[in-house]
>>> print(open('data_34.csv').read())   # CSV, C-alpha atoms and all ligand atoms
chain,number,residue,atom,x,y,z
Z,903,MET,CA,0.0,0.0,0.0
Z,904,ALA,CA,1.2,3.5,-0.8
Z,905,GLU,CA,2.6,5.5,2.1
Z,906,ARG,CA,0.3,8.4,2.9
Z,907,ARG,CA,1.6,11.5,4.9
Z,908,ARG,CA,-1.4,12.0,7.1
Z,909,VAL,CA,-2.1,15.7,7.6
Z,910,VAL,CA,-3.7,15.0,10.9
Z,911,ASP,CA,-0.3,13.8,12.2
Z,912,ARG,CA,1.1,17.4,11.8
Z,913,LEU,CA,-1.6,18.9,14.0
Z,914,PRO,CA,-1.8,19.1,17.8
Z,915,THR,CA,-4.5,17.2,19.7
Z,916,PHE,CA,-7.7,19.1,20.0
Z,917,PRO,CA,-7.2,20.8,23.4
Z,918,TRP,CA,-10.8,21.0,24.4
Z,919,ASP,CA,-11.0,17.3,24.9
Z,920,ARG,CA,-8.7,17.8,27.9
Z,921,LEU,CA,-11.4,19.9,29.6
Z,922,ALA,CA,-13.9,17.0,29.7
Z,923,PRO,CA,-13.2,16.0,33.3
Z,924,ALA,CA,-13.7,19.5,34.6
Z,925,LYS,CA,-16.9,19.8,32.5
Z,926,LYS,CA,-18.2,16.7,34.1
Z,927,VAL,CA,-17.6,18.1,37.6
Z,928,ALA,CA,-19.2,21.5,36.7
Z,929,ALA,CA,-22.2,19.8,35.1
Z,930,ALA,CA,-22.9,18.0,38.4
Z,931,HIS,CA,-23.7,21.3,40.2
Z,932,PRO,CA,-27.3,21.2,41.5
Z,933,ASP,CA,-28.1,24.5,39.8
Z,934,GLY,CA,-26.4,23.4,36.5
Z,935,ILE,CA,-23.2,24.3,34.7
Z,936,VAL,CA,-22.3,27.9,33.8
Z,937,ASP,CA,-20.2,27.3,30.8
Z,938,LEU,CA,-17.8,30.3,30.3
Z,939,SER,CA,-15.2,28.2,28.5
Z,940,VAL,CA,-16.0,29.0,24.9
Z,941,GLY,CA,-16.8,32.3,23.2
Z,942,THR,CA,-19.9,31.3,21.4
Z,943,PRO,CA,-22.8,33.7,21.1
Z,944,VAL,CA,-26.0,32.8,23.0
Z,945,ASP,CA,-28.3,35.7,22.2
Z,946,PRO,CA,-30.7,35.6,19.2
Z,947,VAL,CA,-29.7,36.4,15.7
Z,948,PRO,CA,-31.1,40.0,15.2
Z,949,GLU,CA,-34.5,40.1,13.5
Z,950,VAL,CA,-33.2,42.3,10.6
Z,951,ILE,CA,-30.6,39.7,9.7
Z,952,GLN,CA,-32.9,36.7,10.0
Z,953,ARG,CA,-35.3,38.5,7.6
Z,954,ALA,CA,-32.6,39.2,5.1
Z,955,LEU,CA,-31.5,35.5,5.2
Z,956,GLY,CA,-35.1,34.3,4.7
Z,957,GLU,CA,-35.8,36.7,1.8
Z,958,ALA,CA,-32.7,35.4,0.0
Z,959,ALA,CA,-33.7,31.8,0.5
Z,960,ASP,CA,-34.6,31.2,-3.2
Z,961,THR,CA,-31.2,31.3,-4.7
Z,962,PRO,CA,-30.7,28.2,-6.8
Z,963,GLY,CA,-27.7,29.4,-8.8
Z,964,TYR,CA,-24.0,29.4,-7.7
Z,965,PRO,CA,-23.0,32.5,-5.7
Z,966,ALA,CA,-19.8,34.4,-6.6
Z,967,THR,CA,-16.7,33.7,-4.5
Z,968,TYR,CA,-16.1,37.4,-4.7
Z,969,GLY,CA,-19.5,38.1,-3.1
Z,970,THR,CA,-22.2,40.4,-4.5
Z,971,PRO,CA,-21.1,43.9,-5.4
Z,972,ARG,CA,-23.7,45.0,-2.7
Z,973,LEU,CA,-21.8,43.0,-0.1
Z,974,ARG,CA,-18.5,44.4,-1.0
Z,975,GLU,CA,-20.0,47.9,-0.8
Z,976,SER,CA,-21.4,47.2,2.7
Z,977,ILE,CA,-18.0,45.9,3.9
Z,978,ALA,CA,-16.2,48.9,2.6
Z,979,ASP,CA,-18.8,51.3,4.0
Z,980,TRP,CA,-18.7,49.6,7.4
Z,981,LEU,CA,-14.9,49.8,7.5
Z,982,GLY,CA,-15.1,53.5,6.7
Z,983,ARG,CA,-18.0,54.3,9.0
Z,984,ARG,CA,-16.9,52.4,12.1
Z,985,HIS,CA,-13.2,52.2,11.7
Z,986,GLY,CA,-11.9,55.1,9.6
Z,987,VAL,CA,-10.6,52.7,7.0
Z,988,VAL,CA,-10.8,54.1,3.4
Z,989,ILE,CA,-10.9,51.1,1.1
Z,990,ASP,CA,-12.1,50.3,-2.4
Z,991,PRO,CA,-15.0,47.7,-2.2
Z,992,ALA,CA,-13.0,45.7,-4.8
Z,993,ALA,CA,-10.3,45.1,-2.1
Z,994,THR,CA,-12.6,43.0,0.1
Z,995,LEU,CA,-13.6,39.3,0.0
Z,996,PRO,CA,-16.2,37.3,2.0
Z,997,THR,CA,-15.0,34.1,3.8
Z,998,ILE,CA,-16.9,31.2,5.3
Z,999,GLY,CA,-16.3,32.4,8.9
Z,1000,SER,CA,-12.8,33.6,9.7
Z,1001,LYS,CA,-11.6,30.3,11.3
Z,1002,GLU,CA,-11.6,28.8,7.8
Z,1003,LEU,CA,-9.4,31.7,6.6
Z,1004,VAL,CA,-7.1,31.6,9.5
Z,1005,ALA,CA,-6.6,27.8,8.9
Z,1006,TRP,CA,-5.9,28.1,5.2
Z,1007,LEU,CA,-4.4,31.6,4.6
Z,1008,PRO,CA,-0.7,30.4,4.8
Z,1009,THR,CA,-1.5,27.6,2.2
Z,1010,LEU,CA,-3.5,30.0,0.0
Z,1011,LEU,CA,-0.6,32.5,0.0
Z,1012,GLY,CA,1.9,29.8,-1.0
Z,1013,VAL,CA,3.7,29.6,2.3
Z,1014,GLY,CA,5.3,26.2,2.8
Z,1015,PRO,CA,8.1,24.1,4.1
Z,1016,GLY,CA,11.2,26.1,5.0
Z,1017,ASP,CA,9.1,29.2,5.8
Z,1018,THR,CA,8.6,30.6,9.2
Z,1019,VAL,CA,5.3,32.2,10.2
Z,1020,VAL,CA,5.0,34.3,13.3
Z,1021,HIS,CA,1.8,34.4,15.5
Z,1022,PRO,CA,1.2,36.0,18.9
Z,1023,GLU,CA,2.8,34.2,21.9
Z,1024,LEU,CA,-0.6,33.7,23.5
Z,1025,ALA,CA,-2.9,33.0,20.7
Z,1026,TYR,CA,-6.1,31.5,19.2
Z,1027,PRO,CA,-4.8,28.0,18.4
Z,1028,THR,CA,-5.9,28.1,14.7
Z,1029,TYR,CA,-2.9,30.3,13.6
Z,1030,ASP,CA,-0.6,27.4,14.6
Z,1031,VAL,CA,-2.8,24.9,12.9
Z,1032,GLY,CA,-2.9,26.9,9.6
Z,1033,ILE,CA,0.9,27.2,9.6
Z,1034,ARG,CA,1.3,23.5,10.1
Z,1035,LEU,CA,-1.3,22.7,7.4
Z,1036,ALA,CA,0.9,24.6,5.0
Z,1037,GLY,CA,4.0,22.6,6.2
Z,1038,ALA,CA,5.6,25.8,7.5
Z,1039,THR,CA,7.2,26.4,10.9
Z,1040,PRO,CA,5.2,28.3,13.5
Z,1041,VAL,CA,6.9,30.7,15.9
Z,1042,ALA,CA,4.9,32.1,18.8
Z,1043,SER,CA,6.4,35.5,19.5
Z,1044,ASP,CA,5.2,39.0,20.3
Z,1045,GLY,CA,8.5,40.5,19.2
Z,1046,LEU,CA,9.9,40.4,15.7
Z,1047,THR,CA,13.5,41.5,16.3
Z,1048,ALA,CA,14.7,38.1,17.6
Z,1049,LEU,CA,13.8,36.3,14.4
Z,1050,GLY,CA,17.2,36.6,12.8
Z,1051,PRO,CA,17.6,35.7,9.1
Z,1052,ALA,CA,14.6,33.3,9.0
Z,1053,ARG,CA,12.4,33.5,5.8
Z,1054,VAL,CA,9.2,35.0,7.1
Z,1055,PRO,CA,6.6,35.4,4.4
Z,1056,LEU,CA,3.7,36.0,6.8
Z,1057,VAL,CA,3.0,37.5,10.3
Z,1058,TRP,CA,-0.2,37.1,12.2
Z,1059,ILE,CA,-1.3,39.7,14.7
Z,1060,ASN,CA,-4.5,39.7,16.7
Z,1061,SER,CA,-5.8,42.9,18.4
Z,1062,PRO,CA,-8.0,42.8,20.4
Z,1063,ALA,CA,-6.5,39.5,21.3
Z,1064,ASN,CA,-8.0,36.2,22.2
Z,1065,PRO,CA,-7.4,35.1,25.0
Z,1066,THR,CA,-6.0,38.1,26.8
Z,1067,GLY,CA,-8.2,41.0,25.5
Z,1068,ARG,CA,-5.0,43.0,25.0
Z,1069,VAL,CA,-5.2,45.8,22.5
Z,1070,LEU,CA,-2.1,46.8,20.5
Z,1071,PRO,CA,-1.5,50.5,20.4
Z,1072,VAL,CA,-1.1,52.3,17.1
Z,1073,GLU,CA,2.6,52.7,17.7
Z,1074,HIS,CA,3.1,49.0,18.0
Z,1075,LEU,CA,1.0,48.2,14.9
Z,1076,ARG,CA,3.1,50.8,13.0
Z,1077,LYS,CA,6.3,49.0,14.0
Z,1078,VAL,CA,4.9,45.6,12.8
Z,1079,VAL,CA,4.0,47.1,9.5
Z,1080,ALA,CA,7.4,48.8,9.0
Z,1081,TRP,CA,9.2,45.5,9.9
Z,1082,ALA,CA,7.1,43.5,7.5
Z,1083,ARG,CA,7.5,45.9,4.7
Z,1084,GLU,CA,11.2,45.9,5.1
Z,1085,ARG,CA,11.3,42.1,5.0
Z,1086,GLY,CA,8.6,41.7,2.3
Z,1087,ALA,CA,6.3,39.8,4.7
Z,1088,VAL,CA,2.5,39.9,4.6
Z,1089,VAL,CA,0.8,41.1,7.8
Z,1090,ALA,CA,-2.5,39.3,8.5
Z,1091,SER,CA,-4.3,41.2,11.2
Z,1092,ASP,CA,-7.1,39.2,12.9
Z,1093,GLU,CA,-9.6,41.9,14.0
Z,1094,CYS,CA,-12.6,39.9,14.8
Z,1095,TYR,CA,-13.1,41.6,18.2
Z,1096,ILE,CA,-12.4,45.1,17.0
Z,1097,ASP,CA,-15.9,46.4,17.9
Z,1098,LEU,CA,-15.6,45.2,21.4
Z,1099,GLY,CA,-13.4,47.7,23.3
Z,1100,TRP,CA,-14.3,48.5,26.9
Z,1101,ASP,CA,-13.9,51.4,29.2
Z,1102,GLY,CA,-13.4,53.8,26.3
Z,1103,VAL,CA,-10.7,51.7,24.6
Z,1104,ARG,CA,-11.0,51.9,20.8
Z,1105,PRO,CA,-9.0,49.2,19.0
Z,1106,VAL,CA,-7.5,50.4,15.7
Z,1107,SER,CA,-7.4,48.5,12.4
Z,1108,ILE,CA,-4.1,47.7,10.7
Z,1109,LEU,CA,-5.7,49.4,7.6
Z,1110,HIS,CA,-6.2,52.7,9.4
Z,1111,PRO,CA,-4.1,55.5,7.8
Z,1112,ASP,CA,-2.5,56.3,11.2
Z,1113,VAL,CA,-1.0,52.7,11.2
Z,1114,CYS,CA,-0.3,52.1,7.5
Z,1115,GLY,CA,0.3,55.6,6.2
Z,1116,GLY,CA,-2.6,55.2,3.8
Z,1117,SER,CA,-1.1,52.3,1.8
Z,1118,HIS,CA,-2.5,48.8,2.3
Z,1119,GLU,CA,0.4,47.1,0.5
Z,1120,GLY,CA,1.2,43.8,2.2
Z,1121,LEU,CA,-1.7,44.1,4.6
Z,1122,LEU,CA,-4.8,42.0,5.2
Z,1123,ALA,CA,-7.4,42.6,7.9
Z,1124,VAL,CA,-9.6,39.7,8.9
Z,1125,HIS,CA,-13.0,40.4,10.2
Z,1126,SER,CA,-15.9,38.3,11.4
Z,1127,LEU,CA,-19.6,38.9,12.1
Z,1128,SER,CA,-19.7,36.0,14.5
Z,1129,LYS,CA,-19.3,38.1,17.6
Z,1130,ARG,CA,-20.6,41.5,16.5
Z,1131,SER,CA,-23.8,40.2,15.1
Z,1132,ASN,CA,-24.3,36.8,16.8
Z,1133,LEU,CA,-23.7,35.1,13.4
Z,1134,ALA,CA,-21.3,32.3,14.4
Z,1135,GLY,CA,-23.9,29.9,13.1
Z,1136,TYR,CA,-24.0,31.5,9.7
Z,1137,ARG,CA,-20.3,31.4,9.1
Z,1138,ALA,CA,-20.0,35.0,8.0
Z,1139,ALA,CA,-16.7,36.8,7.8
Z,1140,PHE,CA,-14.5,38.7,5.3
Z,1141,LEU,CA,-11.1,40.1,4.6
Z,1142,ALA,CA,-9.9,43.4,3.3
Z,1143,GLY,CA,-6.6,45.0,2.4
Z,1144,ASP,CA,-4.0,45.0,-0.3
Z,1145,PRO,CA,-5.9,44.8,-3.6
Z,1146,ALA,CA,-3.2,42.6,-5.2
Z,1147,LEU,CA,-3.3,40.1,-2.3
Z,1148,VAL,CA,-7.1,40.1,-2.3
Z,1149,THR,CA,-7.2,39.4,-6.1
Z,1150,GLU,CA,-4.7,36.6,-5.6
Z,1151,LEU,CA,-6.7,35.0,-2.8
Z,1152,LEU,CA,-9.9,35.4,-4.8
Z,1153,GLU,CA,-8.4,33.4,-7.7
Z,1154,VAL,CA,-7.3,30.5,-5.5
Z,1155,ARG,CA,-10.5,30.5,-3.5
Z,1156,LYS,CA,-12.5,30.4,-6.8
Z,1157,HIS,CA,-10.7,27.3,-7.9
Z,1158,ALA,CA,-11.2,25.7,-4.5
Z,1159,GLY,CA,-14.9,26.4,-4.1
Z,1160,MET,CA,-14.5,28.5,-1.0
Z,1161,ILE,CA,-17.8,30.3,-1.5
Z,1162,VAL,CA,-20.1,32.0,1.0
Z,1163,ALA,CA,-23.7,30.9,0.6
Z,1164,ALA,CA,-25.9,33.4,-1.2
Z,1165,PRO,CA,-28.4,33.8,1.7
Z,1166,VAL,CA,-25.6,34.3,4.1
Z,1167,GLN,CA,-24.1,37.0,1.8
Z,1168,ALA,CA,-27.5,38.8,2.0
Z,1169,ALA,CA,-27.6,38.4,5.7
Z,1170,MET,CA,-24.1,39.9,5.9
Z,1171,VAL,CA,-25.3,43.0,4.1
Z,1172,ALA,CA,-28.1,43.4,6.5
Z,1173,ALA,CA,-25.8,43.0,9.5
Z,1174,LEU,CA,-23.1,45.4,8.2
Z,1175,ASP,CA,-25.6,48.1,7.2
Z,1176,ASP,CA,-27.2,48.1,10.7
Z,1177,ASP,CA,-25.3,49.4,13.7
Z,1178,SER,CA,-28.2,49.4,16.2
Z,1179,HIS,CA,-28.3,45.6,16.8
Z,1180,ALA,CA,-24.5,45.6,17.3
Z,1181,ASP,CA,-24.7,48.4,19.8
Z,1182,GLU,CA,-27.4,46.6,21.7
Z,1183,GLN,CA,-25.4,43.3,21.7
Z,1184,LYS,CA,-22.3,45.2,22.9
Z,1185,GLU,CA,-24.3,46.7,25.8
Z,1186,ARG,CA,-25.4,43.1,26.9
Z,1187,TYR,CA,-21.8,42.0,26.9
Z,1188,ARG,CA,-20.8,45.2,28.8
Z,1189,VAL,CA,-23.2,44.4,31.6
Z,1190,ARG,CA,-22.1,40.7,31.8
Z,1191,ARG,CA,-18.5,41.7,31.8
Z,1192,GLU,CA,-18.9,44.1,34.7
Z,1193,LEU,CA,-20.8,41.6,36.8
Z,1194,LEU,CA,-18.3,38.8,36.2
Z,1195,ARG,CA,-15.3,41.0,36.7
Z,1196,GLY,CA,-16.6,42.5,40.0
Z,1197,ALA,CA,-17.5,39.0,41.3
Z,1198,LEU,CA,-14.1,37.5,40.3
Z,1199,GLU,CA,-12.2,40.4,41.9
Z,1200,ARG,CA,-14.2,40.2,45.1
Z,1201,ALA,CA,-13.4,36.5,45.2
Z,1202,GLY,CA,-9.6,37.3,45.1
Z,1203,TRP,CA,-9.0,37.0,41.3
Z,1204,ARG,CA,-6.8,39.3,39.4
Z,1205,ILE,CA,-7.8,40.4,35.9
Z,1206,THR,CA,-5.0,41.4,33.4
Z,1207,HIS,CA,-5.4,43.1,30.0
Z,1208,SER,CA,-9.1,42.3,29.1
Z,1209,GLU,CA,-9.6,45.8,27.8
Z,1210,ALA,CA,-11.5,44.5,24.8
Z,1211,GLY,CA,-13.0,41.3,23.4
Z,1212,LEU,CA,-15.3,38.8,25.0
Z,1213,TYR,CA,-13.0,37.4,27.7
Z,1214,LEU,CA,-11.5,38.1,31.1
Z,1215,TRP,CA,-7.9,37.0,31.5
Z,1216,ALA,CA,-7.9,36.0,35.1
Z,1217,SER,CA,-5.5,34.5,37.7
Z,1218,LEU,CA,-6.0,33.4,41.3
Z,1219,PRO,CA,-2.9,33.8,43.5
Z,1220,GLY,CA,-1.6,30.4,44.6
Z,1221,HIS,CA,-3.2,28.5,41.6
Z,1222,ASP,CA,-2.0,27.5,38.2
Z,1223,ALA,CA,-4.4,27.4,35.3
Z,1224,TRP,CA,-5.6,23.8,35.8
Z,1225,SER,CA,-6.0,24.1,39.6
Z,1226,ALA,CA,-8.0,27.3,39.0
Z,1227,VAL,CA,-10.1,25.5,36.4
Z,1228,ARG,CA,-10.8,22.7,38.9
Z,1229,LEU,CA,-11.7,25.1,41.7
Z,1230,LEU,CA,-14.2,26.9,39.5
Z,1231,ALA,CA,-15.6,23.6,38.2
Z,1232,GLU,CA,-16.4,22.6,41.8
Z,1233,HIS,CA,-18.7,25.6,41.8
Z,1234,GLY,CA,-20.2,24.6,38.5
Z,1235,ILE,CA,-18.3,27.2,36.5
Z,1236,LEU,CA,-16.4,26.1,33.5
Z,1237,VAL,CA,-13.5,28.2,32.1
Z,1238,ALA,CA,-10.6,27.6,29.8
Z,1239,PRO,CA,-7.1,27.0,31.1
Z,1240,GLY,CA,-4.7,29.7,29.8
Z,1241,GLU,CA,-2.2,27.1,28.5
Z,1242,PHE,CA,-4.6,26.2,25.7
Z,1243,TYR,CA,-3.3,29.4,24.1
Z,1244,GLY,CA,0.4,28.9,24.8
Z,1245,PRO,CA,2.8,28.0,27.6
Z,1246,SER,CA,2.9,31.5,29.0
Z,1247,GLY,CA,-0.8,31.2,29.8
Z,1248,ALA,CA,-0.1,28.5,32.4
Z,1249,GLY,CA,-1.0,30.9,35.3
Z,1250,HIS,CA,-4.3,32.2,33.9
Z,1251,VAL,CA,-7.7,31.1,32.9
Z,1252,ARG,CA,-9.9,32.6,30.2
Z,1253,VAL,CA,-13.4,33.5,31.3
Z,1254,ALA,CA,-15.8,34.2,28.4
Z,1255,PHE,CA,-18.8,36.4,29.1
Z,1256,THR,CA,-20.8,34.9,26.3
Z,1257,ALA,CA,-23.4,33.3,28.6
Z,1258,SER,CA,-27.0,34.4,29.1
Z,1259,ASP,CA,-27.9,36.9,31.8
Z,1260,GLU,CA,-29.4,34.1,33.9
Z,1261,ARG,CA,-26.2,32.0,33.7
Z,1262,VAL,CA,-24.0,35.0,34.5
Z,1263,ALA,CA,-26.2,35.8,37.5
Z,1264,ALA,CA,-25.8,32.2,38.7
Z,1265,ALA,CA,-22.0,32.4,38.3
Z,1266,VAL,CA,-21.9,35.7,40.2
Z,1267,LYS,CA,-23.9,34.2,43.1
Z,1268,ARG,CA,-21.5,31.3,43.3
Z,1269,LEU,CA,-18.5,33.5,43.3
Z,1270,GLU,CA,-20.0,35.7,46.0
Z,1271,ALA,CA,-20.5,32.6,48.1
Z,1272,VAL,CA,-16.7,31.8,47.7
Z,1273,ALA,CA,-15.8,35.3,48.6
Z,1274,GLY,CA,-17.9,35.0,51.7
H,1,LIG,C1,-9.0,35.4,17.4
H,1,LIG,C2,-10.1,34.6,16.7
H,1,LIG,N1,-10.0,34.6,15.4
H,1,LIG,C3,-10.9,33.9,14.7
H,1,LIG,C4,-12.0,33.3,15.3
H,1,LIG,C5,-13.0,32.6,14.4
H,1,LIG,O1,-14.2,33.1,14.4
H,1,LIG,P1,-15.3,32.8,13.2
H,1,LIG,O2,-14.8,31.6,12.5
H,1,LIG,O3,-16.5,32.5,13.9
H,1,LIG,O4,-15.3,34.0,12.3
H,1,LIG,C6,-12.1,33.3,16.7
H,1,LIG,C7,-13.2,32.6,17.3
H,1,LIG,O5,-13.4,32.6,18.5
H,1,LIG,C8,-11.1,34.0,17.4
H,1,LIG,O6,-11.2,34.1,18.7
>>> encode(input="data_34.csv", output="structure tokens", more="lines below")
Ligand SMILES: Cc1ncc(COP(=O)(O)O)c(C=O)c1O
Amino acid sequence: MAERRRVVDRLPTFPWDRLAPAKKVAAAHPDGIVDLSVGTPVDPVPEVIQRALGEAADTPGYPATYGTPRLRESIADWLGRRHGVVIDPAATLPTIGSKELVAWLPTLLGVGPGDTVVHPELAYPTYDVGIRLAGATPVASDGLTALGPARVPLVWINSPANPTGRVLPVEHLRKVVAWARERGAVVASDECYIDLGWDGVRPVSILHPDVCGGSHEGLLAVHSLSKRSNLAGYRAAFLAGDPALVTELLEVRKHAGMIVAAPVQAAMVAALDDDSHADEQKERYRVRRELLRGALERAGWRITHSEAGLYLWASLPGHDAWSAVRLLAEHGILVAPGEFYGPSGAGHVRVAFTASDERVAAAVKRLEAVAG
């Protein structure tokens, strides 16, 4: 039989399986589990979006990989209106959620064996997965200066960050762009939490003129409607940036059938054109975040970064990530150990505030009991 090089052998084990024992403990709580381990939306898909999806249900023909002209306009308009990014609608491209793009971008860009790709030290695990799928070497680092002569065709950044909620200042983003341009590297900036800044923090896109000097050369911003508009179930995301890179990716994605469903494209237009549902959803998260943050702090936890996004990056003195996970699981609260996101997360847990008001209230009550 022919030898097959199994792709799966290049990938890490799916970390969430390791949380199963803690989940079992938490699920045994008499008032039920409060699952704060994953950042999945729990509130309804806004009416205006559901309607648009339904109205586009009768679409028997193949949709365009490039998306409808209307969708590209909505993307460009939203980037300008909400984030001060001036972009030609032609330089945008819908994707089937952003996880798909994160996992395949290195491959689609022709990154391969012998190449090094940098991603943040503490990071959403799919950057590493995508780099391995391409056969390249992942390097988890927040600094670029220590890379030496390695061939680096692609750098991932993520601000606001999962899991820490850290926001990179304009100055930092500018340095990344300058470094990449000097080396001829593409910067892919995962901005899926960009609308979720707290306490007056306003995350800035890599495509903002203050960062890139008005040229998008070598830059790609990755956006998602999963969090902003509760559309994780629709798989609705997009990228925008360097027109030449977008055209190149469009060509490959056309061949590969990476097409967003037509009703989802229509739903994306409705989502992007309407800010009121996003503002309402953000307010829900703001309240949940405040409640959980207060309760954790009163119970002796420390919160670091967490100035944007959907997570509190929390530590409890005297505990490592896994003992903190176990402790909370005994109170029926499930959180993610920080080491899922990299070795330097071993002292933290990630607490998502994507649970219903009722479940957040239950968690707060339990944490208050611990605090005494
Ligand atoms: C940093 C980051 N990027 C990308 C994604 C993928 O989101 P989606 O595929 O729903 O667009 C997530 C999901 O949690 C994330 O945290």
>>> residues_around(input="data_34.csv", residues="Z:Thr1018", least_positions_apart="2", cutoff="9 Å", atoms="only C-alpha atoms", output="list in words")
Val1013, Gly1014, Pro1015, Gly1016, Val1020, Ile1033, Ala1038, Thr1039, Pro1040, Val1041, Ala1052, Arg1053, Val1054, Pro1055, Leu1056 and Val1057 of chain Z
>>> closest_atom_pairs(input="data_34.csv", of="chain Z", to="ligand LIG 1 (chain H)", cutoff="10 Å", atoms="only C-alpha atoms and all ligand atoms", output="JSON lines")
{"residue": "Z:Val940", "atom": "CA", "partner": "H:LIG1", "partner_atom": "O5", "distance": 7.8}
{"residue": "Z:Gly941", "atom": "CA", "partner": "H:LIG1", "partner_atom": "O5", "distance": 5.8}
{"residue": "Z:Thr942", "atom": "CA", "partner": "H:LIG1", "partner_atom": "O5", "distance": 7.2}
{"residue": "Z:Pro943", "atom": "CA", "partner": "H:LIG1", "partner_atom": "O3", "distance": 9.6}
{"residue": "Z:Thr997", "atom": "CA", "partner": "H:LIG1", "partner_atom": "O4", "distance": 8.5}
{"residue": "Z:Ile998", "atom": "CA", "partner": "H:LIG1", "partner_atom": "O2", "distance": 7.5}
{"residue": "Z:Gly999", "atom": "CA", "partner": "H:LIG1", "partner_atom": "O4", "distance": 3.9}
{"residue": "Z:Ser1000", "atom": "CA", "partner": "H:LIG1", "partner_atom": "O4", "distance": 3.6}
{"residue": "Z:Lys1001", "atom": "CA", "partner": "H:LIG1", "partner_atom": "O2", "distance": 3.7}
{"residue": "Z:Glu1002", "atom": "CA", "partner": "H:LIG1", "partner_atom": "O2", "distance": 6.3}
{"residue": "Z:Leu1003", "atom": "CA", "partner": "H:LIG1", "partner_atom": "O2", "distance": 8.0}
{"residue": "Z:Val1004", "atom": "CA", "partner": "H:LIG1", "partner_atom": "C3", "distance": 6.8}
{"residue": "Z:Ala1005", "atom": "CA", "partner": "H:LIG1", "partner_atom": "C3", "distance": 9.5}
{"residue": "Z:Ala1025", "atom": "CA", "partner": "H:LIG1", "partner_atom": "C1", "distance": 7.3}
{"residue": "Z:Tyr1026", "atom": "CA", "partner": "H:LIG1", "partner_atom": "C1", "distance": 5.2}
{"residue": "Z:Pro1027", "atom": "CA", "partner": "H:LIG1", "partner_atom": "C1", "distance": 8.6}
{"residue": "Z:Thr1028", "atom": "CA", "partner": "H:LIG1", "partner_atom": "C3", "distance": 7.7}
{"residue": "Z:Tyr1029", "atom": "CA", "partner": "H:LIG1", "partner_atom": "N1", "distance": 8.5}
{"residue": "Z:Ile1059", "atom": "CA", "partner": "H:LIG1", "partner_atom": "C1", "distance": 9.2}
{"residue": "Z:Asn1060", "atom": "CA", "partner": "H:LIG1", "partner_atom": "C1", "distance": 6.3}
{"residue": "Z:Ser1061", "atom": "CA", "partner": "H:LIG1", "partner_atom": "C1", "distance": 8.2}
{"residue": "Z:Pro1062", "atom": "CA", "partner": "H:LIG1", "partner_atom": "C1", "distance": 8.0}
{"residue": "Z:Ala1063", "atom": "CA", "partner": "H:LIG1", "partner_atom": "C1", "distance": 6.2}
{"residue": "Z:Asn1064", "atom": "CA", "partner": "H:LIG1", "partner_atom": "C1", "distance": 5.0}
{"residue": "Z:Pro1065", "atom": "CA", "partner": "H:LIG1", "partner_atom": "O6", "distance": 7.4}
{"residue": "Z:Gly1067", "atom": "CA", "partner": "H:LIG1", "partner_atom": "C1", "distance": 9.9}
{"residue": "Z:Ser1091", "atom": "CA", "partner": "H:LIG1", "partner_atom": "N1", "distance": 9.7}
{"residue": "Z:Asp1092", "atom": "CA", "partner": "H:LIG1", "partner_atom": "N1", "distance": 6.0}
{"residue": "Z:Glu1093", "atom": "CA", "partner": "H:LIG1", "partner_atom": "C1", "distance": 7.4}
{"residue": "Z:Cys1094", "atom": "CA", "partner": "H:LIG1", "partner_atom": "N1", "distance": 5.9}
{"residue": "Z:Tyr1095", "atom": "CA", "partner": "H:LIG1", "partner_atom": "C1", "distance": 7.5}
{"residue": "Z:Val1124", "atom": "CA", "partner": "H:LIG1", "partner_atom": "N1", "distance": 8.3}
{"residue": "Z:His1125", "atom": "CA", "partner": "H:LIG1", "partner_atom": "O4", "distance": 7.1}
{"residue": "Z:Ser1126", "atom": "CA", "partner": "H:LIG1", "partner_atom": "O4", "distance": 4.4}
{"residue": "Z:Leu1127", "atom": "CA", "partner": "H:LIG1", "partner_atom": "O4", "distance": 6.5}
{"residue": "Z:Ser1128", "atom": "CA", "partner": "H:LIG1", "partner_atom": "O3", "distance": 4.8}
{"residue": "Z:Lys1129", "atom": "CA", "partner": "H:LIG1", "partner_atom": "O3", "distance": 7.3}
{"residue": "Z:Asn1132", "atom": "CA", "partner": "H:LIG1", "partner_atom": "O3", "distance": 9.4}
{"residue": "Z:Leu1133", "atom": "CA", "partner": "H:LIG1", "partner_atom": "O3", "distance": 7.7}
{"residue": "Z:Ala1134", "atom": "CA", "partner": "H:LIG1", "partner_atom": "O3", "distance": 4.8}
{"residue": "Z:Gly1135", "atom": "CA", "partner": "H:LIG1", "partner_atom": "O3", "distance": 7.9}
{"residue": "Z:Tyr1136", "atom": "CA", "partner": "H:LIG1", "partner_atom": "O3", "distance": 8.7}
{"residue": "Z:Arg1137", "atom": "CA", "partner": "H:LIG1", "partner_atom": "O3", "distance": 6.2}
{"residue": "Z:Ala1138", "atom": "CA", "partner": "H:LIG1", "partner_atom": "O4", "distance": 6.4}
{"residue": "Z:Ala1139", "atom": "CA", "partner": "H:LIG1", "partner_atom": "O4", "distance": 5.5}
{"residue": "Z:Phe1140", "atom": "CA", "partner": "H:LIG1", "partner_atom": "O4", "distance": 8.5}
{"residue": "Z:Gly1211", "atom": "CA", "partner": "H:LIG1", "partner_atom": "O6", "distance": 8.8}
{"residue": "Z:Leu1212", "atom": "CA", "partner": "H:LIG1", "partner_atom": "O6", "distance": 8.9}
{"residue": "Z:Tyr1213", "atom": "CA", "partner": "H:LIG1", "partner_atom": "O6", "distance": 9.8}
>>> atom_distance(input="data_34.csv", atom1="atom CA of Z:Ser1208", atom2="atom CA of Z:Thr1066")
5.7 Å
>>> residues_around(input="data_34.csv", residues="Z:Pro1165", least_positions_apart="6", cutoff="8 Å", atoms="all atoms listed in the file", output="JSON, numbers by chain")
{"Z": [954, 955, 956, 957, 958, 959, 961]}
